[in-house]
Amino acid sequence: MIRVHELEKQKIRDIENKYPFVLSFFENNKLDIKDYQENTLEEYFDSFAQEDIEEWAIDIPKLKSGLAAFINQMLEFLGLEKDRVDYITIIAGKDKYGNRENFDELVVRKGEIVSIVGPTGSGKSRLLADIEWAANKDTPTDRIILINGEIPDKNIRFSTSNKLVAQLSQNMNFIMDLSVREFLELHAKSRMVDNEAEVIRKIIDAANELAGEKFDLDTPVTRLSGGQSRALMIADTAILSASPIVLIDEIENAGIDRKRALNLLVNEDKIVLMATHDPSLALMATKRIVIRNGGVYKVINTGKEEKMILVELEKMDRIINDMRSKLREGQILESI
Amino acid sequence: MTMNLVTVSGPPSSGKTSIILKTIEAIKNRGLSVGVVKFDCLYTDDDILYEKAGVPIKKGLSGSLCPDHFFVSNIEEVVDWGKSQNLDLLITESAGLCNRCSPYIKGITAVCVIDNLSGINTPKKIGPMLKTADIIVITKGDIVSQAEREVFASRVNSVNPQALIIMVNGLTGQGAFELSTLFYEEERSIETVKGKELRFPMPSALCSYCLGETRIGEKYQMGNIKKINMGDEND
């Protein structure tokens with residue numbers, strides 16, 4: 001644990017060398033430290049004129065304690081094991097009428113896909129929120145969520161760098177006006193990865209494997225097609241997001257190879273939860289959770305027969321996808 | 001009879017009212033009574049939304065005054081109103097219109113609502129309203145990519161590492177229950193805000209334009225005047 005009074009006595013140069021990530025703290029708080037490398041942190045803050053403090057709304061005590069808190073958070077984050085979640089356990093609670101859920105406990109391991117089905121408003125978001133919050137009988141459902149068989153530390157609820165769940169949904173868009181490269185660089189920097197160029201290459205290659213139409217690193221993200229955007233979001237989430245659990249809210253069947261997309265997530269050791277009513281997605285899961293009245297009504301294992309149906313569905317998907325490519329290329333479609 | 005006070009502020013259209021309404025739903029389930037005082041500048045009809053939800057509501061429009069100065073000069077009476085309504089929890093909602101002010105009070109839970117759509121440089125632009133908040137609610141996460149959510153949250157964290165950061169969806173209410181657990185604690189009850197202090201001083205401005213001057217030109221400018229540096233370098 002770094003404390004403020006220890007930090008204050010250190011030279012800015014030494015702080016930067018020891019904790020390179022502090023640069024983003026200085027930058028985002030508009031603290032221009034370049035002429036103060038040989039000064040201590042205390043001397044730097046003492047150099048502010050009272051006028052500037054008022055003019056720019058600078059809260060020095062808050063900045064000092066904030067910097068110490070920031071360093072401690074980042075050190076903790078960097079010290080974390082990458083594959084820290086092997087499995088989650090959902091222990092049954094109750095539905096909105098107070099009835100016990102129809103299961104005892106459900107274990108989902110990394111690399112596993114579980115689909116979630118049920119009408120809108122049935123409680124799918126609540127289940128997800130319970131997982132994200134690591135509920136411990138303190139949410140409306142009374143569920144308990146265990147990580148690797150244990151009740152996790154409560155800090156996980158508010159951590160920004162260590163969130164349990166990443167989300168991918170239909171309505172998501174890129175809003176930044178950046179090229180694919182700049183976009184990925186920004187994300188990689190915020191995640192503090194060391195091998196930035198390599199990771200970016202890996203993501204663009206993976207995204208192009210998924211997308212119907214290829215794109216490159218210089219394409220502006222806002223100009224990607226729907227399928228390309230989804231491909232990039234999935235590849236980026238699989239490879240760069242720290243969250244061990246990925247929630248997918250439907251993947252539209254256009255311009256993207258959905259089977260490969262799910263395989264990518266599974267190969268990156270994610271736990272995949274997927275809300276979908278699309279049979280060819282739902283059957284890719286090993287289990288599906290049926291939600292009704294705010295609670296889990298059933299847990300169904302995808303059996304052999306359903307897996308056979310999946311083969312048929314995949315054939316149909318391929319036919320439709322081929323026709324889509326042919327249309328794009330200006331060909332005449334023939335009957336099947 | 002004592003109550004909790006929570007001050008919520010955030011840029012216009014960031015989702016404050018939706019978040020507060022969803023959070024109140026969850027708090028009411030705990031059998032607590034909640035009221036809201038909405039501060040705005042020229043116009044608001046959010047009071048109708050609160051009324052519809054059965055929440056006791058007062059609104060105050062600052063009109064020609066700086067909205068945050070208006071807030072501080074009224075907060076004492078606002079707290080008295082809340083107590084007269086026998087509230088367990090009083091929430092004030094105010095828009096941070098210039099990004100410089102903040103209505104936060106020492107010892108009173110301060111919540112800042114900010115949305116993912118506002119762009120990743122926004123955390124840099126917002127002053128004490130974001131930097132001195134205890135809880136930061138990030139909204140509209142359902143419409144931007146996972147990467148943008150992560151980058152945005154990490155920027156928010158770097159300007160206020162001590163705040164609790166929580167994502168809430170104002171439409172579906174996802175996250176609102178979790179937020180509600182941070183809004184009320186019996187031991188945080190207060191009798192009054194008299195004698196309490198603001199967390200950060202508000203900007204001082206007293207110039208001829210504050211007093212109704214409309215004419216442009218140096219000779220009409222008096223009081224606290226600041227000029228842009230028109231030299232080669234920018235501030």
# chains A, B, ... in the order shown; residues from 1 in each chain; ligands from 1
>>> select_by_dssp(residues="segment 118-188 of chain B", states="helix (DSSP H, G or I)", output="ChimeraX atom specification")
/B:118,122-125,128-131,141-143,146-159,176-180,186-188
>>> residues_around(residues="Tyr209 of chain B", least_positions_apart="3", cutoff="12 Å", atoms="only C-alpha atoms", output="list of chain:residue names")
B:Ser64, B:Leu65, B:Ala205, B:Leu206, B:Gly212, B:Glu213, B:Thr214, B:Arg215, B:Ile216, B:Gly217, B:Glu218, B:Tyr220, B:Gln221, B:Met222, B:Gly223, B:Asn224, B:Ile225
>>> atom_distance(atom1="atom CA of Thr172 of chain B", atom2="atom CA of Arg126 of chain A")
10.1 Å
>>> closest_atom_pairs(of="chain A", to="chain B", cutoff="8 Å", atoms="only C-alpha atoms", output="Markdown table")
| residue | atom | partner | partner_atom | distance |
| --- | --- | --- | --- | --- |
| A:Ser24 | CA | B:Ser158 | CA | 7.2 |
| A:Phe25 | CA | B:Ser158 | CA | 5.3 |
| A:Asn28 | CA | B:Lys124 | CA | 5.6 |
| A:Asn29 | CA | B:Val159 | CA | 5.7 |
| A:Lys30 | CA | B:Lys124 | CA | 7.4 |
| A:Glu54 | CA | B:Pro203 | CA | 7.6 |
| A:Glu55 | CA | B:Pro203 | CA | 7.9 |
| A:Ala57 | CA | B:Gly127 | CA | 6.5 |
| A:Asp59 | CA | B:Phe200 | CA | 7.8 |
| A:Lys62 | CA | B:Thr132 | CA | 7.5 |
| A:Gly66 | CA | B:Pro161 | CA | 5.5 |
| A:Leu67 | CA | B:Pro161 | CA | 7.5 |
| A:Ala69 | CA | B:Pro161 | CA | 6.0 |
| A:Phe70 | CA | B:Pro161 | CA | 5.3 |
| A:Ser125 | CA | B:Gln174 | CA | 6.7 |
| A:Arg126 | CA | B:Gln174 | CA | 7.2 |
| A:Ala129 | CA | B:Gln174 | CA | 6.7 |
| A:Trp133 | CA | B:Glu178 | CA | 7.6 |
| A:Thr139 | CA | B:Phe177 | CA | 7.5 |
| A:Phe158 | CA | B:Ile165 | CA | 5.6 |
| A:Ser159 | CA | B:Ile165 | CA | 7.3 |
| A:Thr160 | CA | B:Ala153 | CA | 6.1 |
| A:Ser161 | CA | B:Ser154 | CA | 6.9 |
| A:Ala166 | CA | B:Gln146 | CA | 6.5 |
| A:Gln167 | CA | B:Gln146 | CA | 6.2 |
| A:Leu168 | CA | B:Gln146 | CA | 6.7 |
| A:Ser169 | CA | B:Asp142 | CA | 7.3 |
| A:Asn171 | CA | B:Ile143 | CA | 5.3 |
| A:Met172 | CA | B:Ile143 | CA | 4.1 |
| A:Asn173 | CA | B:Val144 | CA | 4.8 |
| A:Phe174 | CA | B:Val144 | CA | 5.8 |
| A:Ile175 | CA | B:Val144 | CA | 6.7 |
| A:Met176 | CA | B:Gly119 | CA | 7.3 |
| A:Leu186 | CA | B:Val151 | CA | 7.3 |
| A:His187 | CA | B:Val151 | CA | 6.0 |
| A:Ser190 | CA | B:Val151 | CA | 5.8 |
| A:Met233 | CA | B:Ser145 | CA | 6.6 |
| A:Asp236 | CA | B:Ala147 | CA | 7.2 |
| A:Thr237 | CA | B:Gln146 | CA | 6.7 |
| A:Ser241 | CA | B:Ala147 | CA | 7.4 |
>>> residues_around(residues="Asn136 of chain A", least_positions_apart="5", cutoff="8 Å", atoms="only C-alpha atoms", output="ChimeraX atom specification")
/A:142-145,151
>>> residues_around(residues="segment 183-197 of chain B", least_positions_apart="2", cutoff="10 Å", atoms="only C-alpha atoms", output="PDB file with C-alpha atoms, in the first residue's frame")
ATOM      1  CA  MET B   1     -37.024  12.380  12.921  1.00  0.00           C
ATOM      2  CA  THR B   2     -33.948  12.555  10.746  1.00  0.00           C
ATOM      3  CA  MET B   3     -33.341  11.775   7.108  1.00  0.00           C
ATOM      4  CA  ASN B   4     -30.585  11.036   4.595  1.00  0.00           C
ATOM      5  CA  LEU B   5     -29.661  13.588   1.957  1.00  0.00           C
ATOM      6  CA  VAL B   6     -28.116  12.637  -1.384  1.00  0.00           C
ATOM      7  CA  THR B   7     -27.082  15.240  -3.966  1.00  0.00           C
ATOM      8  CA  THR B  23     -33.324   3.869  -7.937  1.00  0.00           C
ATOM      9  CA  ILE B  24     -36.321   5.144  -5.983  1.00  0.00           C
ATOM     10  CA  ILE B  27     -35.539   2.006  -2.320  1.00  0.00           C
ATOM     11  CA  LEU B  32     -38.486   3.912   2.912  1.00  0.00           C
ATOM     12  CA  VAL B  72     -26.503  26.617  -2.093  1.00  0.00           C
ATOM     13  CA  ILE B  75     -30.482  23.904   0.283  1.00  0.00           C
ATOM     14  CA  GLU B  76     -31.265  24.656   3.926  1.00  0.00           C
ATOM     15  CA  GLU B  77     -34.939  25.313   3.203  1.00  0.00           C
ATOM     16  CA  VAL B  78     -34.999  22.312   0.893  1.00  0.00           C
ATOM     17  CA  VAL B  79     -33.837  20.074   3.730  1.00  0.00           C
ATOM     18  CA  ASP B  80     -36.511  21.567   6.016  1.00  0.00           C
ATOM     19  CA  LYS B  83     -38.237  16.832   6.946  1.00  0.00           C
ATOM     20  CA  ASP B  88     -36.355   8.979   5.056  1.00  0.00           C
ATOM     21  CA  LEU B  89     -34.365  10.043   2.038  1.00  0.00           C
ATOM     22  CA  LEU B  90     -34.244  13.336   0.186  1.00  0.00           C
ATOM     23  CA  ILE B  91     -32.556  13.443  -3.211  1.00  0.00           C
ATOM     24  CA  TYR B 104     -21.571  18.832  -3.208  1.00  0.00           C
ATOM     25  CA  ILE B 105     -21.506  19.294   0.533  1.00  0.00           C
ATOM     26  CA  LYS B 106     -18.949  17.831   2.927  1.00  0.00           C
ATOM     27  CA  GLY B 107     -20.422  14.840   4.725  1.00  0.00           C
ATOM     28  CA  ILE B 108     -23.359  14.440   2.311  1.00  0.00           C
ATOM     29  CA  THR B 109     -23.354  11.647  -0.290  1.00  0.00           C
ATOM     30  CA  ALA B 110     -22.488  13.153  -3.671  1.00  0.00           C
ATOM     31  CA  VAL B 111     -23.432  11.392  -6.892  1.00  0.00           C
ATOM     32  CA  ILE B 135     -20.330   7.779  -6.460  1.00  0.00           C
ATOM     33  CA  GLU B 178     -27.219  -1.961  -6.847  1.00  0.00           C
ATOM     34  CA  LEU B 179     -27.052   1.841  -6.805  1.00  0.00           C
ATOM     35  CA  SER B 180     -29.967   2.005  -4.370  1.00  0.00           C
ATOM     36  CA  THR B 181     -27.967   0.085  -1.791  1.00  0.00           C
ATOM     37  CA  ARG B 199     -16.674  20.595  -0.933  1.00  0.00           C
ATOM     38  CA  PHE B 200     -15.286  23.102  -3.369  1.00  0.00           C
ATOM     39  CA  PRO B 201     -15.729  26.863  -3.773  1.00  0.00           C
TER      40      PRO B 201
END
>>> closest_residue(among="B:Ile136, B:Ser18, B:Asn99, B:Ser84", to="Trp56 of chain A", atoms="only C-alpha atoms")
B:Asn99
>>> residues_around(residues="Ile239 of chain A", least_positions_apart="3", cutoff="10 Å", atoms="only C-alpha atoms", output="PyMOL selection string")
chain A and resi 199-200+202-203+206+234-236+242+264-265+267-270
>>> write_last_selection(atoms="C-alpha atoms", output="PDB file, in the first residue's frame")
ATOM      1  CA  VAL A 199      -2.475  -7.702 -29.775  1.00  0.00           C
ATOM      2  CA  ILE A 200      -3.869  -5.275 -32.346  1.00  0.00           C
ATOM      3  CA  LYS A 202      -4.361 -10.503 -33.493  1.00  0.00           C
ATOM      4  CA  ILE A 203      -7.668  -8.643 -33.110  1.00  0.00           C
ATOM      5  CA  ALA A 206      -9.643 -12.480 -35.810  1.00  0.00           C
ATOM      6  CA  ILE A 234     -16.446  -9.561 -30.583  1.00  0.00           C
ATOM      7  CA  ALA A 235     -12.762  -9.962 -31.500  1.00  0.00           C
ATOM      8  CA  ASP A 236     -11.833  -6.981 -29.310  1.00  0.00           C
ATOM      9  CA  ALA A 242     -10.252  -8.331 -19.023  1.00  0.00           C
ATOM     10  CA  LEU A 264     -13.206 -17.336 -30.647  1.00  0.00           C
ATOM     11  CA  LEU A 265     -14.680 -16.404 -27.264  1.00  0.00           C
ATOM     12  CA  ASN A 267     -10.909 -20.358 -27.225  1.00  0.00           C
ATOM     13  CA  GLU A 268     -10.005 -17.233 -25.279  1.00  0.00           C
ATOM     14  CA  ASP A 269     -11.351 -19.036 -22.198  1.00  0.00           C
ATOM     15  CA  LYS A 270     -14.366 -16.814 -21.689  1.00  0.00           C
TER      16      LYS A 270
END
>>> residues_around(residues="segment 38-44 of chain A", least_positions_apart="5", cutoff="9 Å", atoms="only C-alpha atoms", output="compact mmCIF listing (two decimals) with C-alpha atoms, in the first residue's frame")
# COMPACT_ATOMS: atom_id res chain seq x y z
CA HIS A 5 2.98 11.07 2.76
CA LEU A 7 4.59 9.53 -2.23
CA GLU A 8 4.97 13.25 -1.57
CA LYS A 9 8.65 12.91 -0.70
CA GLN A 10 9.51 11.14 -3.95
CA LYS A 11 10.78 12.81 -7.11
CA ILE A 12 8.30 12.87 -9.99
CA ARG A 13 10.92 11.15 -12.18
CA ASP A 14 11.18 8.29 -9.70
CA ILE A 15 7.41 7.97 -9.37
CA ILE A 33 4.76 17.65 -14.82
CA LYS A 64 -2.75 13.73 -3.75
>>> residues_around(residues="Cys41 of chain B", least_positions_apart="3", cutoff="9 Å", atoms="only C-alpha atoms", output="list of chain:residue names")
B:Thr44, B:Gly60, B:Leu61, B:Ser62, B:Gly63, B:Ser64, B:Leu65, B:Cys66, B:Pro67, B:Ala95, B:Leu97
>>> atom_distance(atom1="atom CA of Glu51 of chain B", atom2="atom CA of Met129 of chain B")
27.1 Å
>>> select_by_dssp(residues="segment 24-265 of chain A", states="strand (DSSP E)", output="PyMOL selection string")
chain A and resi 87-91+105-109+113-117+144-147+165-169+245-249
>>> closest_residue(among="A:Gly111, A:Gly212, A:Pro61, A:Gly121", to="Asp322 of chain A", atoms="only C-alpha atoms")
A:Gly212
